[in-house]
Amino acid sequence: MSEAAFVVASPRLRLREVDDGDAAFIVELLNTPGFLRYIGDRGVRDHAGALRYIAEGPRASYARHGFGLYLVGLRATATPIGLCGLLRRETLDAPDIGFAFLPAYEGGGYAHEAAAAVLQYGRDTLGLHRVVAIVQTGNARSIRLLERLGLRYEGPVELPGHGGEGALYGAADRETAVRMATAAS
C-alpha cells in the first residue's frame with residue numbers, strides 16, 4: 001500500500017489520502033462510463049492529467065479543509081477500487097459526501113461500507129454536525145445508497161457542469177438532530 005496518510009478502515013476496506021502513485025488508477029476511474037455520466041468529465045486522459053487532478057483536487061482539499069476524497073482499497077490486498085470522501089463546495093451549507101467505484105466493484109456493498117466509514121470519521125474525528133450529498137436525479141443506485149446512509153431528500157439543486165438539476169440530500173448527526181428537533185418544538 002502507498003505511504004499516503006491512512007484515514008479510516010472498515011471490515012473490508014482501508015481509506016487513505018490519494019497520492020501521485022495513484023495516477024494510473026485515477027485515469028481509469030475518472031474515465032469509466034458511470035463516472036462520466038453521473039459525476040462528469042474531468043478531462044483526465046493521461047498520467048499528467050491525473051497528477052494535476054490529484055494536486056488540484058484531493059491534495060488541495062486536504063490542505064485547505066482537512067478532508068477530501070480518499071482512495072478506497074481492499075483491506076486484504078490494497079487493490080484500489082474507488083474514491084470516497086468529503087468535499088467542500090461554496091454553494092453548499094455543509095461538506096458533501098462523494099463516492100465513485102470501478103464497475104467491477106459496484107453492487108458488492110463497498111460504496112455503502114466506505115461511505116458509512118467516512119460519515120463516522122466526519123462526525124467522530126472531524127466534528128462535523130451536518131453532511132450533505134448532491135446526486136443526479138436519474139442516479140437511482142446512488143440515491144438508494146444515500147437513503148440507506150440516513151440522508152434524506154431536501155430539494156432540487158443545480159449541478160454545475162452537469163447541464164441540469166440534481167437532488168440535495170442531507171443528514172445531521174443524532175445529537176444535532178435531537179437538538180434541532182427540540183429547538184423546533
# chains A, B, ... in the order shown; residues from 1 in each chain; ligands from 1

$ select_by_dssp --residues "stretch 34-132 of chain A" --states "helix (DSSP H, G or I)" --output "VMD selection string"
chain A and resid 34 to 38 47 to 65 103 to 105 110 to 124

$ residues_around --residues "stretch 78-88 of chain A" --least-positions-apart "3" --cutoff "9 Å" --atoms "only C-alpha atoms" --output "JSON list (two decimals) with N, CA and C atoms, in the first residue's frame"
[["chain", "number", "residue", "atom", "x", "y", "z"],
["A", 1, "MET", "N", 0.85, -1.18, 0.00],
["A", 1, "MET", "CA", 0.00, 0.00, 0.00],
["A", 1, "MET", "C", 0.89, 1.24, 0.00],
["A", 2, "SER", "N", 0.38, 2.31, -0.54],
["A", 2, "SER", "CA", 1.09, 3.57, -0.62],
["A", 2, "SER", "C", 1.45, 4.09, 0.76],
["A", 13, "LEU", "N", -12.24, -2.71, 3.97],
["A", 13, "LEU", "CA", -11.63, -1.60, 3.24],
["A", 13, "LEU", "C", -10.69, -0.77, 4.09],
["A", 14, "ARG", "N", -9.75, -0.11, 3.41],
["A", 14, "ARG", "CA", -8.90, 0.92, 4.03],
["A", 14, "ARG", "C", -8.99, 2.16, 3.15],
["A", 15, "LEU", "N", -9.21, 3.29, 3.78],
["A", 15, "LEU", "CA", -9.27, 4.55, 3.06],
["A", 15, "LEU", "C", -8.05, 5.38, 3.45],
["A", 18, "VAL", "N", -5.13, 10.22, -1.30],
["A", 18, "VAL", "CA", -4.68, 9.95, -2.66],
["A", 18, "VAL", "C", -3.29, 10.56, -2.83],
["A", 22, "ASP", "N", -1.03, 7.03, -7.36],
["A", 22, "ASP", "CA", -2.37, 6.56, -7.74],
["A", 22, "ASP", "C", -2.82, 7.08, -9.11],
["A", 25, "PHE", "N", -4.59, 4.65, -11.56],
["A", 25, "PHE", "CA", -5.93, 4.32, -11.06],
["A", 25, "PHE", "C", -6.89, 5.48, -11.32],
["A", 26, "ILE", "N", -6.45, 6.70, -11.08],
["A", 26, "ILE", "CA", -7.30, 7.89, -11.28],
["A", 26, "ILE", "C", -7.70, 7.99, -12.75],
["A", 29, "LEU", "N", -10.44, 5.26, -13.27],
["A", 29, "LEU", "CA", -11.72, 5.53, -12.61],
["A", 29, "LEU", "C", -12.45, 6.71, -13.24],
["A", 58, "PRO", "N", -7.98, 16.37, -4.61],
["A", 58, "PRO", "CA", -7.84, 15.81, -3.26],
["A", 58, "PRO", "C", -6.76, 16.46, -2.40],
["A", 61, "SER", "N", -7.63, 19.89, -1.26],
["A", 61, "SER", "CA", -8.71, 19.83, -0.27],
["A", 61, "SER", "C", -8.18, 19.41, 1.10],
["A", 65, "HIS", "N", -9.04, 22.09, 3.78],
["A", 65, "HIS", "CA", -10.18, 21.77, 4.63],
["A", 65, "HIS", "C", -9.92, 20.68, 5.67],
["A", 67, "PHE", "N", -9.88, 17.54, 4.89],
["A", 67, "PHE", "CA", -10.53, 16.35, 4.36],
["A", 67, "PHE", "C", -10.63, 16.47, 2.86],
["A", 68, "GLY", "N", -11.03, 15.39, 2.22],
["A", 68, "GLY", "CA", -11.18, 15.37, 0.76],
["A", 68, "GLY", "C", -11.62, 14.00, 0.32],
["A", 69, "LEU", "N", -11.41, 13.70, -0.94],
["A", 69, "LEU", "CA", -11.69, 12.36, -1.45],
["A", 69, "LEU", "C", -10.52, 11.45, -1.08],
["A", 70, "TYR", "N", -10.86, 10.24, -0.64],
["A", 70, "TYR", "CA", -9.85, 9.26, -0.24],
["A", 70, "TYR", "C", -9.88, 8.07, -1.17],
["A", 71, "LEU", "N", -8.72, 7.47, -1.36],
["A", 71, "LEU", "CA", -8.64, 6.25, -2.15],
["A", 71, "LEU", "C", -9.17, 5.10, -1.30],
["A", 72, "VAL", "N", -10.07, 4.32, -1.87],
["A", 72, "VAL", "CA", -10.63, 3.15, -1.19],
["A", 72, "VAL", "C", -9.90, 1.93, -1.74],
["A", 73, "GLY", "N", -9.26, 1.18, -0.84],
["A", 73, "GLY", "CA", -8.56, -0.03, -1.24],
["A", 73, "GLY", "C", -9.07, -1.23, -0.47],
["A", 74, "LEU", "N", -8.99, -2.38, -1.08],
["A", 74, "LEU", "CA", -9.36, -3.61, -0.38],
["A", 74, "LEU", "C", -8.36, -3.83, 0.75],
["A", 75, "ARG", "N", -8.86, -4.11, 1.92],
["A", 75, "ARG", "CA", -8.01, -4.27, 3.10],
["A", 75, "ARG", "C", -7.02, -5.43, 2.93],
["A", 91, "THR", "N", -21.15, 26.39, -2.71],
["A", 91, "THR", "CA", -22.59, 26.52, -2.92],
["A", 91, "THR", "C", -23.42, 25.71, -1.92],
["A", 92, "LEU", "N", -22.77, 24.91, -1.08],
["A", 92, "LEU", "CA", -23.50, 24.08, -0.12],
["A", 92, "LEU", "C", -23.21, 24.53, 1.30],
["A", 93, "ASP", "N", -24.16, 24.29, 2.21],
["A", 93, "ASP", "CA", -24.00, 24.73, 3.60],
["A", 93, "ASP", "C", -23.20, 23.78, 4.47],
["A", 94, "ALA", "N", -22.76, 22.66, 3.92],
["A", 94, "ALA", "CA", -22.01, 21.67, 4.68],
["A", 94, "ALA", "C", -21.17, 20.85, 3.72],
["A", 95, "PRO", "N", -20.17, 20.13, 4.22],
["A", 95, "PRO", "CA", -19.42, 19.23, 3.35],
["A", 95, "PRO", "C", -20.35, 18.20, 2.72],
["A", 96, "ASP", "N", -20.01, 17.77, 1.50],
["A", 96, "ASP", "CA", -20.84, 16.74, 0.90],
["A", 96, "ASP", "C", -20.02, 15.48, 0.66],
["A", 97, "ILE", "N", -20.69, 14.36, 0.82],
["A", 97, "ILE", "CA", -20.04, 13.08, 0.64],
["A", 97, "ILE", "C", -20.13, 12.68, -0.83],
["A", 98, "GLY", "N", -19.03, 12.18, -1.33],
["A", 98, "GLY", "CA", -18.99, 11.73, -2.71],
["A", 98, "GLY", "C", -18.32, 10.38, -2.80],
["A", 99, "PHE", "N", -18.66, 9.63, -3.83],
["A", 99, "PHE", "CA", -18.08, 8.31, -4.00],
["A", 99, "PHE", "C", -18.16, 7.89, -5.46],
["A", 100, "ALA", "N", -17.20, 7.08, -5.87],
["A", 100, "ALA", "CA", -17.17, 6.51, -7.21],
["A", 100, "ALA", "C", -16.32, 5.25, -7.14],
["A", 101, "PHE", "N", -16.78, 4.19, -7.80],
["A", 101, "PHE", "CA", -16.08, 2.91, -7.76],
["A", 101, "PHE", "C", -15.93, 2.34, -9.16],
["A", 102, "LEU", "N", -14.89, 1.57, -9.34],
["A", 102, "LEU", "CA", -14.72, 0.87, -10.61],
["A", 102, "LEU", "C", -15.90, -0.06, -10.82],
["A", 103, "PRO", "N", -16.35, -0.24, -12.05],
["A", 103, "PRO", "CA", -17.52, -1.09, -12.31],
["A", 103, "PRO", "C", -17.43, -2.49, -11.71],
["A", 104, "ALA", "N", -16.25, -3.07, -11.69],
["A", 104, "ALA", "CA", -16.10, -4.43, -11.15],
["A", 104, "ALA", "C", -16.41, -4.52, -9.66],
["A", 105, "TYR", "N", -16.43, -3.38, -8.97],
["A", 105, "TYR", "CA", -16.65, -3.36, -7.53],
["A", 105, "TYR", "C", -17.98, -2.72, -7.15],
["A", 110, "TYR", "N", -19.45, -2.23, -1.27],
["A", 110, "TYR", "CA", -18.25, -1.46, -0.95],
["A", 110, "TYR", "C", -18.54, 0.03, -0.79],
["A", 111, "ALA", "N", -19.38, 0.58, -1.64],
["A", 111, "ALA", "CA", -19.70, 2.01, -1.55],
["A", 111, "ALA", "C", -20.38, 2.32, -0.23],
["A", 114, "ALA", "N", -17.73, 2.03, 2.60],
["A", 114, "ALA", "CA", -16.79, 3.16, 2.59],
["A", 114, "ALA", "C", -17.48, 4.45, 3.03],
["A", 115, "ALA", "N", -18.68, 4.70, 2.50],
["A", 115, "ALA", "CA", -19.39, 5.94, 2.85],
["A", 115, "ALA", "C", -19.77, 5.96, 4.33],
["A", 118, "VAL", "N", -16.70, 6.90, 6.19],
["A", 118, "VAL", "CA", -16.39, 8.32, 6.01],
["A", 118, "VAL", "C", -17.33, 9.18, 6.86],
["A", 119, "LEU", "N", -18.62, 8.84, 6.90],
["A", 119, "LEU", "CA", -19.55, 9.61, 7.73],
["A", 119, "LEU", "C", -19.18, 9.52, 9.20],
["A", 122, "GLY", "N", -16.18, 11.63, 9.74],
["A", 122, "GLY", "CA", -16.56, 13.05, 9.73],
["A", 122, "GLY", "C", -17.15, 13.49, 11.05],
["A", 131, "VAL", "N", -23.78, 16.72, 7.09],
["A", 131, "VAL", "CA", -23.18, 16.30, 5.83],
["A", 131, "VAL", "C", -24.30, 16.24, 4.81]]

$ select_by_dssp --residues "stretch 1-150 of chain A" --states "strand (DSSP E)" --output "count of residues only"
36

$ atom_distance --atom1 "atom CA of A:Leu30" --atom2 "atom CA of A:Ala50"
9.0 Å

$ closest_residue --among "A:Arg144, A:Thr77, A:Val157, A:Thr32" --to "A:Gly109" --atoms "only C-alpha atoms"
A:Arg144

$ residues_around --residues "A:Leu51" --least-positions-apart "2" --cutoff "9 Å" --atoms "only C-alpha atoms" --output "number ranges by chain"
A: 19-23, 26, 46-49, 53-56

$ write_last_selection --atoms "C-alpha atoms" --output "short mmCIF file (atom, residue, chain, number, x, y, z; two decimals), in the first residue's frame"
data_model
loop_
_atom_site.label_atom_id
_atom_site.label_comp_id
_atom_site.auth_asym_id
_atom_site.auth_seq_id
_atom_site.Cartn_x
_atom_site.Cartn_y
_atom_site.Cartn_z
CA ASP A 19 -1.06 10.40 -3.77
CA ASP A 20 0.86 10.67 -7.04
CA GLY A 21 1.38 6.90 -7.12
CA ASP A 22 -2.37 6.56 -7.74
CA ALA A 23 -2.28 8.35 -11.10
CA ILE A 26 -7.30 7.89 -11.28
CA ASP A 46 -3.28 10.57 -19.10
CA HIS A 47 -0.72 10.43 -16.29
CA ALA A 48 -0.06 14.19 -16.37
CA GLY A 49 -3.78 14.94 -16.19
CA TYR A 53 -6.29 16.26 -10.74
CA ILE A 54 -4.68 14.82 -7.59
CA ALA A 55 -2.82 18.07 -6.81
CA GLU A 56 -5.71 20.44 -7.53
#

$ residues_around --residues "A:Leu146" --least-positions-apart "5" --cutoff "8 Å" --atoms "only C-alpha atoms" --output "VMD selection string"
chain A and resid 133 151 to 152 169

$ atom_distance --atom1 "atom CA of A:Glu17" --atom2 "atom CA of A:Leu126"
15.2 Å

$ closest_residue --among "A:Arg52, A:Arg123, A:Arg12, A:His112" --to "A:Glu147" --atoms "only C-alpha atoms"
A:His112

$ atom_distance --atom1 "atom CA of A:Leu145" --atom2 "atom CA of A:Asn31"
22.0 Å
